[in-house]
Structures are given as structure tokens and as C-alpha cells.
Amino acid sequence: MRFPITLAAAVLAVVTARADKAVLVVGPDSADPKVTQPFAVDFGKIGKQEFIYFVEMAGGERLRAIDAAGKVRTVAGTGKKGDSTDDPHGAAPKAEFNGMHTLVVTKNGTKAYLADTFNHRIRACDLQRQFMMRFAGTGKAGFAGDGDVSEKAEFSQPICIALTPDEKTMYVADIGNKRVRAIDLATRKVSTFAGTGKAGVPKDGEPAKDQPLVDPRAVAADDKGNVYILERSGHALRVVDKTGKIRTVAGTGKAGKGGDGGPALKAAMNGPKFVSLDKDGSVLIADTENHQIRRFVPGKETVELVAGSGKKGDHFDADPKKLELSRPHGVSVHPTTGDLYIADSDNGRIVKIVRD
């Protein structure tokens, strides 16, 4: 009788050892000055040194970096809300921001693009030389500049930015204009990619440029030519395929909770705020007001729970699904390890999910 029990215990130990595990990367009191409202995370390398970069929203107003030893330092931002217009090479530590929501670090690790949302700008930071550069937006809220260079274009609260895998195009969730805009990084010309400026639910199978959007909160592009658009009060995930046609792939369109493991179009979301691509092509969603991270699986057309008990709180548990989150606004995948990094915004911390 002992052998079966021992074998079962051994199998259980292996399964337990191989389970995904939540690890605290940085918390509200582990840095000086403390971490405040982390909203998005990305990764880069300068020489041989790797960094985790993140932006802080209200009360933080900084771009910060975590080195391999876990030390946090401020790369850009005084911590004071403002709008420094950036001389051609303005010093990054002296920069002022107003409500940064997302960032994208280029693959070579030299530059970070920042969505300076309430300044209606997209800015660029040279990470090696630590200076700021203008990139897109006049600083005036509006809709103008399609066909012109990015610095002359007007945006209204550009809230999320994403690069295509080949880094030839930047997509901008221009939420105040109810559009997704595109910037050709070679010419810096701006165009409208999706949305008409009117609020509404787009019809499946129609050209994205001719369809309304509710409120495009986040955007991500995969290596197959698909562009995913996440809508905050639309409570839905949509995709524009390589032919330019749009369709809804997840969410009921109404605020709600549940549906994990079932059809994606029957899975309810509540104010989702961020979307990114996993290494296998699945789509990670920060389901912010449900305090969870979820996954849309193309092909299967299902939604799965990744992390978060669904209860708003700060209880830390190594089991990702028992972990309490508080309005997470970002989830990103480390390009080498594949581990997930969650910007647990209202808890003032970044959590890593070490993958099985």
C-alpha cells in the first residue's frame, strides 16, 4: 500500500513544483522615492545590463527602471505634473509629464516611447543619454494632421501606444478622438487606422476605417498582421485583420464578470485597460475593474483566467489565481523568460508571474 501513496505524493510534488508562481518585483515601500501608480511595464538592455522599465501615472509622473539587482532608479521626470515641451535634447530627469499611461521600449534598448496622455503628446526618451525628444502631438487636444508628420498632428489623450514586431509602425489608441491612429516610423506620417470619430459598436466584417469605436483604450499588434483593440467602456476586445476588416472577438459589450474557459464572446469584462501579446500569440488582457488578468486564445476563441482572485485587495499569494490585485493597468511578457509582469496599479507594486 505504501508504493501507490509514495508515487502519488511524488507526482503531486512535481505538479506543485511546476505550477506558475507569483513573485513580488517591487512594492510601494521598496524604492526611494516609493513606487506610485505603476501603469505599464516594458523591458530593455543597455550593453549587457538588463532593465525593467515602468511608467507611473497620477502622483508619480516618472519613467523608472529596475536593474538586475532589484534597485529602482528614476530615468525621467521630476515627479511634478507638468508639460515640458522638450528642447531638442532636454534632460530627462528635468522632464515633466501629465498622466503617462503606457510606454514601449525599442528592441535595441536605446529608446522608450511614452504616451504622455493628458499633455496630448507622445514623447521619446533616449535611454542611454537620458534626454527627451518630441515625437508626436502638438500638445493641443484635437483631431488633425493625418497625412502630415507626427509632430504637427493633433491627438486627444493618446492613451496607449504599440509597435509592430518589425518596429515599422506605431499604433496609437487616440481615445479622445475614438480612433486608432498609425504612425509610419520611417516617414513619421500619421494616418487613421480604425474609427470614424463617432461612438458606437463596429459591425463585424466591415473596414475598420469606416466603423465607429466606443472608446479604444489599448492596442497591440501581432506578427500575422492583426491589430487588437481593447475598449474600456465597450467591455470588448476587437481585432482588425491584415485586410483591414474589424470584428469583435471577446466580451459581451456589457460590464460583468465570468465566463473563463468558455466562448470568448460570452465572457464578460469590466473596464479592461490594457492588452498585449504573449509569445504563443494569445492575447493578454488587464481586466482592470475585475482586478484580474485574462487571456484570449485565438483559434480556440476562448477566454482564460491568468491571475487575480477577482477580489480587490493587496493579499499576496504565490498562487496567481489566489493573488489579490487592485485595478491592474498593465501586463507584459518578458521577451526572454516569457514571465508575465503585472502593473498592479492601486497597490503600487509590480508582480511577476514565473511561468511553468
# chains A, B, ... in the order shown; residues from 1 in each chain; ligands from 1
$ closest_atom_pairs --of "region 24-133 of chain A" --to "region 334-348 of chain A" --cutoff "6 Å" --atoms "only C-alpha atoms" --output "CSV"
residue,atom,partner,partner_atom,distance
A:Gly27,CA,A:Gly348,CA,6.0
A:Pro28,CA,A:Gly348,CA,4.9
A:Val35,CA,A:Gly348,CA,5.7
A:Thr36,CA,A:Gly348,CA,5.2
A:Gln37,CA,A:Ser345,CA,4.7
A:Pro38,CA,A:Ser345,CA,5.0
A:Phe39,CA,A:Ala343,CA,5.6
A:Ala40,CA,A:Ala343,CA,5.7
$ select_by_dssp --residues "region 4-200 of chain A" --states "strand (DSSP E or B)" --output "ChimeraX atom specification"
/A:21-26,38-46,49-56,63-66,72-76,81,90-91,97,100-105,111-116,121-126,131-136,141,144,146,149,154-155,158-163,169-174,179-184,189-194
$ atom_distance --atom1 "CA of Gly313 (chain A)" --atom2 "CA of Asp42 (chain A)"
24.3 Å
$ closest_residue --among "A:Thr85, A:Thr164, A:Thr78, A:Thr138" --to "Gly59 (chain A)" --atoms "only C-alpha atoms"
A:Thr78
$ residues_around --residues "Gly205 (chain A)" --least-positions-apart "2" --cutoff "7 Å" --atoms "only C-alpha atoms" --output "MDAnalysis selection string"
chainID A and resid 203 207 245:247
$ residues_around --residues "Lys48 (chain A)" --least-positions-apart "3" --cutoff "12 Å" --atoms "only C-alpha atoms" --output "list in words"
Gly44, Lys45, Phe51, Asp67, Ala68, Asn108 and Gly109 of chain A
$ write_last_selection --atoms "C-alpha atoms" --output "PDB file, in the first residue's frame"
ATOM      1  CA  GLY A  44      15.314  46.767 -22.419  1.00  0.00           C
ATOM      2  CA  LYS A  45      19.052  46.287 -22.292  1.00  0.00           C
ATOM      3  CA  PHE A  51      16.361  46.772 -17.103  1.00  0.00           C
ATOM      4  CA  ASP A  67      18.183  46.885 -12.627  1.00  0.00           C
ATOM      5  CA  ALA A  68      19.250  43.238 -12.290  1.00  0.00           C
ATOM      6  CA  ASN A 108      17.682  47.571 -29.279  1.00  0.00           C
ATOM      7  CA  GLY A 109      17.017  49.131 -25.874  1.00  0.00           C
TER       8      GLY A 109
END
$ atom_distance --atom1 "CA of Lys352 (chain A)" --atom2 "CA of Ser326 (chain A)"
14.9 Å
$ residues_around --residues "Lys34 (chain A)" --least-positions-apart "5" --cutoff "12 Å" --atoms "only C-alpha atoms" --output "MDAnalysis selection string"
chainID A and resid 26:29 56 59:60 62 64 71:74 79 347:349
$ closest_residue --among "A:Ser276, A:Asn290, A:Asn270, A:Asn98" --to "Arg232 (chain A)" --atoms "only C-alpha atoms"
A:Asn270
$ residues_around --residues "Ser84 (chain A)" --least-positions-apart "2" --cutoff "10 Å" --atoms "only C-alpha atoms" --output "VMD selection string"
chain A and resid 77 81 to 82 86 to 87 90 94 to 98 119 132
$ write_last_selection --atoms "N, CA and C atoms" --output "mmCIF file, in the first residue's frame"
data_model
loop_
_atom_site.group_PDB
_atom_site.id
_atom_site.type_symbol
_atom_site.label_atom_id
_atom_site.label_comp_id
_atom_site.auth_asym_id
_atom_site.auth_seq_id
_atom_site.Cartn_x
_atom_site.Cartn_y
_atom_site.Cartn_z
ATOM 1 N N GLY A 77 11.608 62.449 -15.422
ATOM 2 C CA GLY A 77 10.501 63.003 -14.666
ATOM 3 C C GLY A 77 10.917 63.536 -13.314
ATOM 4 N N LYS A 81 3.648 67.126 -11.837
ATOM 5 C CA LYS A 81 2.810 67.167 -13.026
ATOM 6 C C LYS A 81 3.059 68.455 -13.799
ATOM 7 N N GLY A 82 3.268 68.318 -15.125
ATOM 8 C CA GLY A 82 3.519 69.498 -15.941
ATOM 9 C C GLY A 82 3.647 69.117 -17.394
ATOM 10 N N ASP A 86 10.201 70.054 -24.219
ATOM 11 C CA ASP A 86 11.419 69.402 -24.707
ATOM 12 C C ASP A 86 12.159 70.239 -25.744
ATOM 13 N N ASP A 87 13.230 70.851 -25.313
ATOM 14 C CA ASP A 87 14.178 71.366 -26.269
ATOM 15 C C ASP A 87 14.680 70.137 -27.011
ATOM 16 N N GLY A 90 16.322 67.794 -24.333
ATOM 17 C CA GLY A 90 16.092 68.174 -22.952
ATOM 18 C C GLY A 90 16.473 67.068 -21.997
ATOM 19 N N LYS A 94 14.748 66.230 -15.775
ATOM 20 C CA LYS A 94 14.053 67.505 -15.576
ATOM 21 C C LYS A 94 12.711 67.565 -16.295
ATOM 22 N N ALA A 95 12.340 66.504 -16.976
ATOM 23 C CA ALA A 95 11.097 66.485 -17.741
ATOM 24 C C ALA A 95 9.884 66.459 -16.820
ATOM 25 N N GLU A 96 8.801 67.005 -17.318
ATOM 26 C CA GLU A 96 7.519 66.953 -16.616
ATOM 27 C C GLU A 96 6.503 66.232 -17.498
ATOM 28 N N PHE A 97 5.665 65.427 -16.861
ATOM 29 C CA PHE A 97 4.654 64.658 -17.574
ATOM 30 C C PHE A 97 3.296 64.890 -16.932
ATOM 31 N N ASN A 98 2.261 64.473 -17.651
ATOM 32 C CA ASN A 98 0.910 64.611 -17.120
ATOM 33 C C ASN A 98 0.092 63.376 -17.499
ATOM 34 N N ASN A 119 -1.142 65.452 -21.719
ATOM 35 C CA ASN A 119 -0.463 66.502 -22.490
ATOM 36 C C ASN A 119 -0.694 66.329 -23.989
ATOM 37 N N MET A 132 15.185 63.800 -23.433
ATOM 38 C CA MET A 132 13.848 63.693 -24.002
ATOM 39 C C MET A 132 13.796 64.315 -25.379
#
$ select_by_dssp --residues "region 16-235 of chain A" --states "helix (DSSP H, G or I)" --output "VMD selection string"
chain A and resid 16 to 17 92 to 94 117 to 119 150 to 152 175 to 177 208 to 210
$ residues_around --residues "Ile285 (chain A)" --least-positions-apart "5" --cutoff "10 Å" --atoms "only C-alpha atoms" --output "PyMOL selection string"
chain A and resi 218+230+237+269+272-277+292-296+303+305-306+328-332
$ closest_residue --among "A:Phe131, A:Tyr171, A:Phe316, A:Phe143" --to "Ala91 (chain A)" --atoms "only C-alpha atoms"
A:Phe131
$ closest_residue --among "A:Phe193, A:Phe155, A:Phe135, A:Tyr228" --to "Gly281 (chain A)" --atoms "only C-alpha atoms"
A:Tyr228
$ closest_residue --among "A:Pro158, A:Pro93, A:Gly271, A:Gly197" --to "Leu127 (chain A)" --atoms "only C-alpha atoms"
A:Pro93
$ atom_distance --atom1 "CA of Cys160 (chain A)" --atom2 "CA of Glu324 (chain A)"
24.9 Å
$ closest_residue --among "A:Val354, A:Ala136, A:Val227, A:Val105" --to "Ile183 (chain A)" --atoms "only C-alpha atoms"
A:Ala136
